[in-house]
Each structure stands twice: as C-alpha cells, then as structure tokens.
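File shown: my_file_20.pdb. Contents: PDB, C-alpha atoms, pLDDT in the B column.
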```
ATOM      1  CA  MET Y 376      86.534  53.726  79.811  1.00 81.00           C
ATOM      2  CA  VAL Y 377      85.588  52.584  76.305  1.00 93.00           C
ATOM      3  CA  TYR Y 378      82.495  50.896  74.858  1.00 96.00           C
ATOM      4  CA  LEU Y 379      83.813  48.830  71.950  1.00 97.00           C
ATOM      5  CA  ARG Y 380      81.417  47.195  69.466  1.00 98.00           C
ATOM      6  CA  LYS Y 381      83.150  45.125  66.786  1.00 98.00           C
ATOM      7  CA  ALA Y 382      81.187  44.412  63.609  1.00 98.00           C
ATOM      8  CA  HIS Y 383      81.453  40.635  63.836  1.00 97.00           C
ATOM      9  CA  THR Y 384      79.814  40.631  67.284  1.00 97.00           C
ATOM     10  CA  ARG Y 385      76.651  42.393  66.108  1.00 98.00           C
ATOM     11  CA  GLY Y 386      73.318  40.602  65.945  1.00 98.00           C
ATOM     12  CA  LYS Y 387      72.727  39.090  62.498  1.00 97.00           C
ATOM     13  CA  VAL Y 388      69.431  38.658  60.661  1.00 95.00           C
ATOM     14  CA  ASP Y 389      68.960  36.976  57.265  1.00 96.00           C
ATOM     15  CA  PHE Y 390      65.446  36.898  55.809  1.00 96.00           C
ATOM     16  CA  GLY Y 391      66.645  36.369  52.244  1.00 97.00           C
ATOM     17  CA  TRP Y 392      65.339  39.692  51.010  1.00 98.00           C
ATOM     18  CA  LEU Y 393      66.947  41.427  54.020  1.00 98.00           C
ATOM     19  CA  GLN Y 394      70.378  40.982  55.539  1.00 98.00           C
ATOM     20  CA  SER Y 395      70.832  43.109  58.634  1.00 98.00           C
ATOM     21  CA  GLN Y 396      73.387  43.546  61.375  1.00 98.00           C
ATOM     22  CA  HIS Y 397      72.189  45.086  64.621  1.00 98.00           C
ATOM     23  CA  SER Y 398      74.559  47.103  66.794  1.00 98.00           C
ATOM     24  CA  PHE Y 399      71.966  47.093  69.584  1.00 98.00           C
ATOM     25  CA  SER Y 400      69.123  44.795  70.628  1.00 98.00           C
ATOM     26  CA  PHE Y 401      66.351  44.909  68.033  1.00 97.00           C
ATOM     27  CA  GLY Y 402      63.562  42.616  66.864  1.00 92.00           C
ATOM     28  CA  HIS Y 403      64.616  38.963  67.139  1.00 89.00           C
ATOM     29  CA  TYR Y 404      68.054  39.932  68.467  1.00 95.00           C
ATOM     30  CA  TYR Y 405      68.345  40.614  72.188  1.00 96.00           C
ATOM     31  CA  ASP Y 406      71.468  41.152  74.275  1.00 96.00           C
ATOM     32  CA  PRO Y 407      71.076  42.967  77.602  1.00 96.00           C
ATOM     33  CA  LYS Y 408      74.679  44.207  77.302  1.00 95.00           C
ATOM     34  CA  HIS Y 409      73.814  46.083  74.109  1.00 97.00           C
ATOM     35  CA  MET Y 410      70.583  48.033  74.595  1.00 97.00           C
ATOM     36  CA  GLY Y 411      71.808  51.355  73.219  1.00 98.00           C
ATOM     37  CA  PHE Y 412      74.260  54.104  74.082  1.00 98.00           C
ATOM     38  CA  SER Y 413      72.829  57.233  75.711  1.00 98.00           C
ATOM     39  CA  ALA Y 414      69.843  58.327  73.568  1.00 98.00           C
ATOM     40  CA  LEU Y 415      71.098  56.230  70.629  1.00 98.00           C
ATOM     41  CA  ARG Y 416      68.838  53.163  70.574  1.00 98.00           C
ATOM     42  CA  VAL Y 417      69.303  51.494  67.174  1.00 98.00           C
ATOM     43  CA  ILE Y 418      71.865  51.219  64.385  1.00 98.00           C
ATOM     44  CA  ASN Y 419      70.828  48.547  61.899  1.00 98.00           C
ATOM     45  CA  ASP Y 420      73.101  48.010  58.893  1.00 98.00           C
ATOM     46  CA  ASP Y 421      70.469  46.880  56.359  1.00 98.00           C
ATOM     47  CA  VAL Y 422      70.890  45.437  52.870  1.00 98.00           C
ATOM     48  CA  VAL Y 423      67.544  45.093  51.061  1.00 98.00           C
ATOM     49  CA  GLN Y 424      67.334  43.164  47.805  1.00 98.00           C
ATOM     50  CA  ALA Y 425      65.904  44.655  44.586  1.00 98.00           C
ATOM     51  CA  GLY Y 426      62.153  45.218  44.610  1.00 97.00           C
ATOM     52  CA  ARG Y 427      61.756  44.268  48.273  1.00 98.00           C
ATOM     53  CA  GLY Y 428      61.337  46.214  51.473  1.00 97.00           C
ATOM     54  CA  PHE Y 429      59.541  46.862  54.730  1.00 97.00           C
ATOM     55  CA  GLU Y 430      55.752  46.759  54.320  1.00 96.00           C
ATOM     56  CA  THR Y 431      53.581  49.456  55.904  1.00 96.00           C
ATOM     57  CA  HIS Y 432      53.959  49.438  59.683  1.00 96.00           C
ATOM     58  CA  GLY Y 433      53.708  51.906  62.536  1.00 96.00           C
ATOM     59  CA  HIS Y 434      55.994  53.734  64.951  1.00 97.00           C
ATOM     60  CA  ARG Y 435      55.565  56.317  67.685  1.00 97.00           C
ATOM     61  CA  ASP Y 436      57.822  58.332  69.994  1.00 98.00           C
ATOM     62  CA  MET Y 437      61.058  57.732  68.105  1.00 98.00           C
ATOM     63  CA  GLU Y 438      63.340  59.820  65.892  1.00 98.00           C
ATOM     64  CA  ILE Y 439      64.206  57.562  62.920  1.00 98.00           C
ATOM     65  CA  ILE Y 440      67.103  58.466  60.657  1.00 98.00           C
ATOM     66  CA  SER Y 441      68.062  56.663  57.445  1.00 98.00           C
ATOM     67  CA  TYR Y 442      71.576  57.125  56.056  1.00 98.00           C
ATOM     68  CA  VAL Y 443      71.747  55.649  52.538  1.00 97.00           C
ATOM     69  CA  VAL Y 444      75.171  54.167  51.762  1.00 97.00           C
ATOM     70  CA  ASP Y 445      74.536  52.569  48.338  1.00 97.00           C
ATOM     71  CA  GLY Y 446      71.501  52.445  46.085  1.00 98.00           C
ATOM     72  CA  ALA Y 447      68.228  54.195  46.876  1.00 98.00           C
ATOM     73  CA  LEU Y 448      65.325  53.843  49.293  1.00 97.00           C
ATOM     74  CA  LYS Y 449      61.680  54.665  48.552  1.00 97.00           C
ATOM     75  CA  HIS Y 450      59.757  56.136  51.472  1.00 96.00           C
ATOM     76  CA  LYS Y 451      55.971  56.451  51.804  1.00 96.00           C
ATOM     77  CA  ASP Y 452      54.038  57.441  54.928  1.00 95.00           C
ATOM     78  CA  SER Y 453      50.558  58.151  56.260  1.00 96.00           C
ATOM     79  CA  THR Y 454      51.103  61.930  56.280  1.00 94.00           C
ATOM     80  CA  GLY Y 455      51.374  62.007  52.465  1.00 95.00           C
ATOM     81  CA  ASN Y 456      55.127  61.959  52.010  1.00 95.00           C
ATOM     82  CA  GLU Y 457      56.426  59.790  49.164  1.00 95.00           C
ATOM     83  CA  TYR Y 458      60.053  60.221  48.161  1.00 96.00           C
ATOM     84  CA  VAL Y 459      63.058  58.325  46.855  1.00 97.00           C
ATOM     85  CA  VAL Y 460      66.129  58.738  49.057  1.00 96.00           C
ATOM     86  CA  PRO Y 461      69.340  58.177  47.039  1.00 96.00           C
ATOM     87  CA  ALA Y 462      72.839  57.469  48.332  1.00 95.00           C
ATOM     88  CA  GLY Y 463      74.235  60.634  49.889  1.00 90.00           C
ATOM     89  CA  ASP Y 464      70.844  61.688  51.232  1.00 95.00           C
ATOM     90  CA  VAL Y 465      69.774  61.554  54.855  1.00 98.00           C
ATOM     91  CA  GLN Y 466      66.144  61.028  55.851  1.00 97.00           C
ATOM     92  CA  VAL Y 467      64.627  61.960  59.207  1.00 98.00           C
ATOM     93  CA  MET Y 468      61.181  60.764  60.275  1.00 97.00           C
ATOM     94  CA  SER Y 469      59.901  61.968  63.627  1.00 97.00           C
ATOM     95  CA  ALA Y 470      57.253  59.416  64.590  1.00 97.00           C
ATOM     96  CA  GLY Y 471      55.645  61.672  67.200  1.00 97.00           C
ATOM     97  CA  LYS Y 472      52.232  60.468  68.385  1.00 97.00           C
ATOM     98  CA  GLY Y 473      52.160  57.872  65.603  1.00 97.00           C
ATOM     99  CA  ILE Y 474      52.899  57.359  61.921  1.00 97.00           C
ATOM    100  CA  MET Y 475      52.552  54.533  59.400  1.00 97.00           C
ATOM    101  CA  HIS Y 476      55.244  54.111  56.773  1.00 97.00           C
ATOM    102  CA  SER Y 477      56.931  51.733  54.316  1.00 97.00           C
ATOM    103  CA  GLU Y 478      60.511  51.624  53.033  1.00 97.00           C
ATOM    104  CA  PHE Y 479      61.277  49.853  49.742  1.00 97.00           C
ATOM    105  CA  ASN Y 480      64.116  49.322  47.336  1.00 98.00           C
ATOM    106  CA  PRO Y 481      62.781  50.759  44.043  1.00 97.00           C
ATOM    107  CA  SER Y 482      65.540  49.189  41.930  1.00 97.00           C
ATOM    108  CA  SER Y 483      64.777  46.170  39.744  1.00 96.00           C
ATOM    109  CA  ASP Y 484      68.306  44.793  39.914  1.00 96.00           C
ATOM    110  CA  GLU Y 485      70.452  46.460  42.611  1.00 97.00           C
ATOM    111  CA  PRO Y 486      70.353  46.109  46.422  1.00 98.00           C
ATOM    112  CA  VAL Y 487      70.182  49.128  48.720  1.00 98.00           C
ATOM    113  CA  ASN Y 488      72.401  49.448  51.776  1.00 98.00           C
ATOM    114  CA  PHE Y 489      71.376  51.908  54.466  1.00 98.00           C
ATOM    115  CA  LEU Y 490      71.852  52.525  58.153  1.00 98.00           C
ATOM    116  CA  GLN Y 491      68.601  52.639  60.085  1.00 98.00           C
ATOM    117  CA  ILE Y 492      69.191  54.764  63.188  1.00 98.00           C
ATOM    118  CA  TRP Y 493      66.800  55.340  66.075  1.00 98.00           C
ATOM    119  CA  ILE Y 494      67.238  58.066  68.670  1.00 98.00           C
ATOM    120  CA  VAL Y 495      64.930  58.306  71.680  1.00 98.00           C
ATOM    121  CA  PRO Y 496      63.235  61.742  71.683  1.00 98.00           C
ATOM    122  CA  SER Y 497      63.371  64.069  74.662  1.00 96.00           C
ATOM    123  CA  GLU Y 498      59.591  64.466  74.577  1.00 94.00           C
ATOM    124  CA  LYS Y 499      56.780  62.107  73.654  1.00 94.00           C
ATOM    125  CA  GLY Y 500      53.830  62.777  71.383  1.00 96.00           C
ATOM    126  CA  GLY Y 501      53.453  65.696  69.022  1.00 95.00           C
ATOM    127  CA  GLU Y 502      52.831  65.746  65.309  1.00 95.00           C
ATOM    128  CA  PRO Y 503      54.910  63.395  63.173  1.00 97.00           C
ATOM    129  CA  GLY Y 504      57.335  64.982  60.727  1.00 96.00           C
ATOM    130  CA  TYR Y 505      59.502  64.142  57.732  1.00 96.00           C
ATOM    131  CA  ALA Y 506      62.540  65.709  56.069  1.00 97.00           C
ATOM    132  CA  GLN Y 507      65.388  64.661  53.805  1.00 97.00           C
ATOM    133  CA  LYS Y 508      68.435  66.374  52.402  1.00 96.00           C
ATOM    134  CA  THR Y 509      71.386  65.739  50.118  1.00 95.00           C
ATOM    135  CA  PHE Y 510      74.754  66.188  51.839  1.00 94.00           C
ATOM    136  CA  GLY Y 511      78.097  66.332  50.067  1.00 87.00           C
ATOM    137  CA  SER Y 512      80.504  68.716  51.733  1.00 89.00           C
ATOM    138  CA  ASP Y 513      84.235  68.001  51.518  1.00 89.00           C
ATOM    139  CA  ALA Y 514      84.634  69.013  55.165  1.00 93.00           C
ATOM    140  CA  GLN Y 515      86.245  66.515  57.508  1.00 97.00           C
ATOM    141  CA  LEU Y 516      83.200  66.783  59.776  1.00 97.00           C
ATOM    142  CA  GLU Y 517      79.814  67.688  58.280  1.00 97.00           C
ATOM    143  CA  LEU Y 518      76.773  68.146  60.522  1.00 98.00           C
ATOM    144  CA  LEU Y 519      73.816  66.086  59.279  1.00 98.00           C
ATOM    145  CA  VAL Y 520      71.312  66.041  62.137  1.00 98.00           C
ATOM    146  CA  SER Y 521      70.899  68.258  65.203  1.00 98.00           C
ATOM    147  CA  SER Y 522      68.383  69.440  67.771  1.00 97.00           C
ATOM    148  CA  ASP Y 523      68.146  72.944  66.350  1.00 96.00           C
ATOM    149  CA  GLY Y 524      68.822  72.563  62.622  1.00 96.00           C
ATOM    150  CA  LYS Y 525      72.007  74.626  62.733  1.00 96.00           C
ATOM    151  CA  ASP Y 526      74.221  74.745  59.634  1.00 95.00           C
ATOM    152  CA  ASP Y 527      71.249  73.538  57.549  1.00 95.00           C
ATOM    153  CA  SER Y 528      71.180  70.179  59.304  1.00 98.00           C
ATOM    154  CA  LEU Y 529      67.989  68.151  59.736  1.00 98.00           C
ATOM    155  CA  LYS Y 530      66.207  68.576  63.076  1.00 98.00           C
ATOM    156  CA  ILE Y 531      65.366  65.928  65.641  1.00 98.00           C
ATOM    157  CA  LYS Y 532      63.622  66.133  69.015  1.00 97.00           C
ATOM    158  CA  GLN Y 533      66.636  65.306  71.172  1.00 98.00           C
ATOM    159  CA  ASP Y 534      69.737  67.114  72.403  1.00 98.00           C
ATOM    160  CA  ALA Y 535      71.923  65.053  70.081  1.00 98.00           C
ATOM    161  CA  SER Y 536      73.626  65.418  66.737  1.00 98.00           C
ATOM    162  CA  ILE Y 537      75.020  63.223  63.970  1.00 98.00           C
ATOM    163  CA  SER Y 538      77.947  64.315  61.819  1.00 98.00           C
ATOM    164  CA  ARG Y 539      79.613  62.577  58.888  1.00 98.00           C
ATOM    165  CA  LEU Y 540      83.359  62.246  59.274  1.00 98.00           C
ATOM    166  CA  GLN Y 541      85.380  61.994  56.047  1.00 97.00           C
ATOM    167  CA  LEU Y 542      89.152  61.576  56.067  1.00 98.00           C
ATOM    168  CA  ASN Y 543      91.599  60.765  53.318  1.00 97.00           C
ATOM    169  CA  ALA Y 544      94.363  58.249  53.963  1.00 97.00           C
ATOM    170  CA  SER Y 545      96.728  59.423  56.738  1.00 97.00           C
ATOM    171  CA  GLU Y 546      94.515  62.387  57.695  1.00 98.00           C
ATOM    172  CA  GLN Y 547      93.578  62.679  61.337  1.00 97.00           C
ATOM    173  CA  LEU Y 548      90.999  64.335  63.528  1.00 98.00           C
ATOM    174  CA  SER Y 549      90.563  64.705  67.284  1.00 97.00           C
ATOM    175  CA  LEU Y 550      87.203  65.070  69.027  1.00 97.00           C
ATOM    176  CA  GLU Y 551      86.298  65.866  72.634  1.00 95.00           C
ATOM    177  CA  THR Y 552      83.191  64.854  74.554  1.00 97.00           C
ATOM    178  CA  GLY Y 553      83.219  67.520  77.284  1.00 95.00           C
ATOM    179  CA  LYS Y 554      80.240  66.855  79.547  1.00 97.00           C
ATOM    180  CA  ARG Y 555      78.613  64.599  76.961  1.00 98.00           C
ATOM    181  CA  LYS Y 556      79.089  61.198  75.341  1.00 98.00           C
ATOM    182  CA  GLY Y 557      80.242  60.294  71.836  1.00 98.00           C
ATOM    183  CA  TYR Y 558      79.810  57.297  69.541  1.00 98.00           C
ATOM    184  CA  LEU Y 559      81.849  56.643  66.393  1.00 98.00           C
ATOM    185  CA  HIS Y 560      80.477  54.174  63.811  1.00 98.00           C
ATOM    186  CA  ILE Y 561      82.638  53.254  60.805  1.00 98.00           C
ATOM    187  CA  VAL Y 562      80.710  53.271  57.505  1.00 98.00           C
ATOM    188  CA  SER Y 563      83.654  52.458  55.210  1.00 98.00           C
ATOM    189  CA  GLY Y 564      87.441  52.367  55.352  1.00 98.00           C
ATOM    190  CA  ASN Y 565      89.812  51.695  58.223  1.00 98.00           C
ATOM    191  CA  ALA Y 566      91.143  53.800  61.077  1.00 98.00           C
ATOM    192  CA  GLN Y 567      93.441  53.759  64.064  1.00 98.00           C
ATOM    193  CA  VAL Y 568      91.605  55.147  67.075  1.00 98.00           C
ATOM    194  CA  LYS Y 569      92.947  56.148  70.487  1.00 97.00           C
ATOM    195  CA  VAL Y 570      90.619  57.092  73.325  1.00 96.00           C
ATOM    196  CA  GLY Y 571      91.885  59.449  76.038  1.00 93.00           C
ATOM    197  CA  SER Y 572      94.725  58.035  78.105  1.00 88.00           C
ATOM    198  CA  GLU Y 573      94.056  54.445  77.037  1.00 89.00           C
ATOM    199  CA  GLU Y 574      97.272  52.837  75.834  1.00 86.00           C
ATOM    200  CA  GLU Y 575      95.644  50.504  73.312  1.00 92.00           C
ATOM    201  CA  ILE Y 576      95.288  51.667  69.707  1.00 96.00           C
ATOM    202  CA  LEU Y 577      91.966  50.391  68.354  1.00 97.00           C
ATOM    203  CA  LEU Y 578      91.946  49.204  64.739  1.00 98.00           C
ATOM    204  CA  LEU Y 579      88.460  49.858  63.385  1.00 98.00           C
ATOM    205  CA  SER Y 580      86.917  48.982  60.025  1.00 98.00           C
ATOM    206  CA  HIS Y 581      83.469  48.753  58.375  1.00 97.00           C
ATOM    207  CA  GLY Y 582      80.737  48.237  60.956  1.00 98.00           C
ATOM    208  CA  ASP Y 583      82.990  48.663  63.998  1.00 98.00           C
ATOM    209  CA  ALA Y 584      82.108  51.285  66.590  1.00 98.00           C
ATOM    210  CA  VAL Y 585      83.384  52.816  69.792  1.00 98.00           C
ATOM    211  CA  GLY Y 586      81.514  54.725  72.486  1.00 97.00           C
ATOM    212  CA  VAL Y 587      83.297  57.429  74.458  1.00 97.00           C
ATOM    213  CA  PHE Y 588      82.218  58.756  77.839  1.00 96.00           C
ATOM    214  CA  GLU Y 589      82.336  62.192  79.493  1.00 96.00           C
ATOM    215  CA  SER Y 590      85.515  64.299  79.655  1.00 94.00           C
ATOM    216  CA  ASP Y 591      87.390  62.232  77.130  1.00 95.00           C
ATOM    217  CA  THR Y 592      89.045  62.605  73.741  1.00 96.00           C
ATOM    218  CA  ILE Y 593      89.096  60.412  70.687  1.00 97.00           C
ATOM    219  CA  ASP Y 594      91.956  60.634  68.168  1.00 97.00           C
ATOM    220  CA  ILE Y 595      91.273  59.198  64.715  1.00 98.00           C
ATOM    221  CA  ILE Y 596      93.868  58.475  62.022  1.00 98.00           C
ATOM    222  CA  ALA Y 597      92.574  57.177  58.679  1.00 98.00           C
ATOM    223  CA  SER Y 598      94.478  54.148  57.348  1.00 97.00           C
ATOM    224  CA  ASN Y 599      92.758  54.688  53.980  1.00 97.00           C
ATOM    225  CA  ASP Y 600      89.800  56.765  52.810  1.00 97.00           C
ATOM    226  CA  LEU Y 601      87.442  56.776  55.756  1.00 98.00           C
ATOM    227  CA  VAL Y 602      83.742  57.555  56.202  1.00 98.00           C
ATOM    228  CA  ALA Y 603      82.200  57.372  59.680  1.00 98.00           C
ATOM    229  CA  LEU Y 604      79.292  58.770  61.657  1.00 98.00           C
ATOM    230  CA  TRP Y 605      79.984  60.696  64.860  1.00 98.00           C
ATOM    231  CA  PHE Y 606      77.142  60.899  67.380  1.00 98.00           C
ATOM    232  CA  ASP Y 607      77.262  63.687  69.974  1.00 98.00           C
ATOM    233  CA  LEU Y 608      74.971  62.477  72.745  1.00 98.00           C
ATOM    234  CA  PRO Y 609      73.638  63.604  76.139  1.00 97.00           C
ATOM    235  CA  SER Y 610      75.102  62.086  79.306  1.00 94.00           C
TER     236      SER Y 610
END
```
As structure tokens, please, write out the structure in this file.
Amino acid sequence: MVYLRKAHTRGKVDFGWLQSQHSFSFGHYYDPKHMGFSALRVINDDVVQAGRGFETHGHRDMEIISYVVDGALKHKDSTGNEYVVPAGDVQVMSAGKGIMHSEFNPSSDEPVNFLQIWIVPSEKGGEPGYAQKTFGSDAQLELLVSSDGKDDSLKIKQDASISRLQLNASEQLSLETGKRKGYLHIVSGNAQVKVGSEEEILLLSHGDAVGVFESDTIDIIASNDLVALWFDLPS
C-alpha cells in the first residue's frame, strides 16, 4: 500500500506576500483525506516575499521544524531567541505549554523558500525550546532531527526523525520501514521510486511525496541531482 501525494494536488494559498502549498490540511485548506501521516501533521512549502513574514502569533503542543531551501528566515520568540536561519540550516521550535513567535524574510530584495513542518509531540506541555544548526554533510542520508539528538541532530519530543537524502544523478538508495512508517518528500530534482512489491515505478519531482507503511521497502534512483527529506515515523 502506498500513500501518494503529487505536488499539483496540494492545497494552494496565495496572499501576495506569501505563496504556500500545503501537503496536509492547514488554515484555509481542508481535505479530510489529507490530515497528516502518522505523527507528521504539516508540510507547508512557503515562499515569502522580501521584507514580509508571519507576524507574532502563538502555538502550543507542537514540534515545529523549518527547513530553509533558499534565502534566509528571521526568527524571534517570546523566550528571547532572535536568530537568522540561512539556507542549509534547520530550525526546531518546541512549542510546549505555549510560545509566541514571528518569522520574517530579512532580505530587501530576495524571497525566502522554506518548508514549515509540524510533528505532533508524544507529550503535551513542558517548557518551550529552540535550536538551530547548519547541516552540510556529503552523506547520502544525513540525520537532521531525532528524538534523542543522536549524531548531533536536533531533538524533538516524538519518536520520529527527519533525514536529508542527497543523491547524484543515477545514484540509488534503499530504505526499510520495519515496524514503522516512512514518508519521502522531494525538495529538488527528480527520482524513480519503487515501493515494496508494487509493480508501478513512481516518477517523483519537486513537491511530490510518498508515504510507506510497515514492513515495506522504498527504492530510490535519482534521475538527476536529488534532495529529499525522509521521515521515519511511529506506526
């Protein structure tokens, strides 16, 4: 069984200053068939115009991850954190019992493109937290976020992890879910993907995604230089 989410079917939002495509129901976009995948609740592909952004607002009981694709994002929150997050950096904000924050594009002439990712925590409440880190390994699979911070990854309060997959043209990689679920989201490039014993070869490109269930495999062959996020998720 495969959960396929093609980019062109995502929910679309255009506020002028913000163009966003929602993989799952969010804000003004609602589709009961796309409410999340395991603990993964949100992937918004956001493009924010120069000098604009999300005004101060609040969250609670959510692990919020920002993956900056192009440009930079300026973060400010009610716990005193104020940082610029450039492309290549990953930001994790654990909302805990409640936090106020804003996210802005500090550039005067360039847009910022980032993936806004929400993961439902395994426990509610607690103190909010913030962390960010620059990642840049040449490894095919680099761990970015995990429950325990292993391999210098950023920690979240859920038995889940996010890894960046990087393949050159014609390189391939196989992943197994075991007793868990997996979700592959293409950031850039194109790939041929085969899931388990399924006969169909899926052709995936920017914004496409596929969810994989328990006891399955996913075989990925890069058609050209490929960057994707791999989510290892609880059943």
Give me the result of the PyMOL selection byres ((chain Y and resi 475-479) around 6) on this file, residue by residue, as number ranges by chain. Y: 427-433, 448-453, 474, 480-481
Take the PyMOL selection byres ((chain Y and resi 400) around 9), apply it to the structure above, and return the hits as JSON, numbers by chain. {"Y": [386, 397, 398, 399, 401, 402, 403, 404, 405, 406, 407, 408, 409, 410, 411, 416, 417]}
Write out, as JSON lines, each residue of region 410-483 of chain Y that has an atom at most 10 Å from region 574-597 of chain Y, together with the closest pair of atoms and their distance in Å to one decimal, counting only C-alpha atoms, rows going by chain and rising number.
```
{"residue": "Y:Phe412", "atom": "CA", "partner": "Y:Gly586", "partner_atom": "CA", "distance": 7.5}
{"residue": "Y:Ser413", "atom": "CA", "partner": "Y:Gly586", "partner_atom": "CA", "distance": 9.6}
{"residue": "Y:Ile418", "atom": "CA", "partner": "Y:Gly582", "partner_atom": "CA", "distance": 10.0}
{"residue": "Y:Asn419", "atom": "CA", "partner": "Y:Gly582", "partner_atom": "CA", "distance": 10.0}
{"residue": "Y:Asp420", "atom": "CA", "partner": "Y:Gly582", "partner_atom": "CA", "distance": 7.9}
```
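CA of Tyr442 (chain Y) is found 20.6 Å from CA of Asp484 (chain Y).
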Which residue gives the smallest distance to Val562 (chain Y) among Y:Asp600, Y:Glu438, Y:Asp464, Y:Glu546, with all atoms listed in the file counted? Y:Asp600
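Distances to Gly500 (chain Y) were evaluated for Y:Gly564, Y:Pro486, Y:Gly455, Y:Gly471 using only C-alpha atoms, and the minimum falls at Y:Gly471.
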Expanded to explicit residues, what is the PyMOL selection byres ((chain Y and resi 493) around 10) for this file, as JSON, numbers by chain? {"Y": [411, 414, 415, 416, 417, 418, 419, 437, 438, 439, 440, 441, 467, 468, 469, 490, 491, 492, 494, 495, 496]}
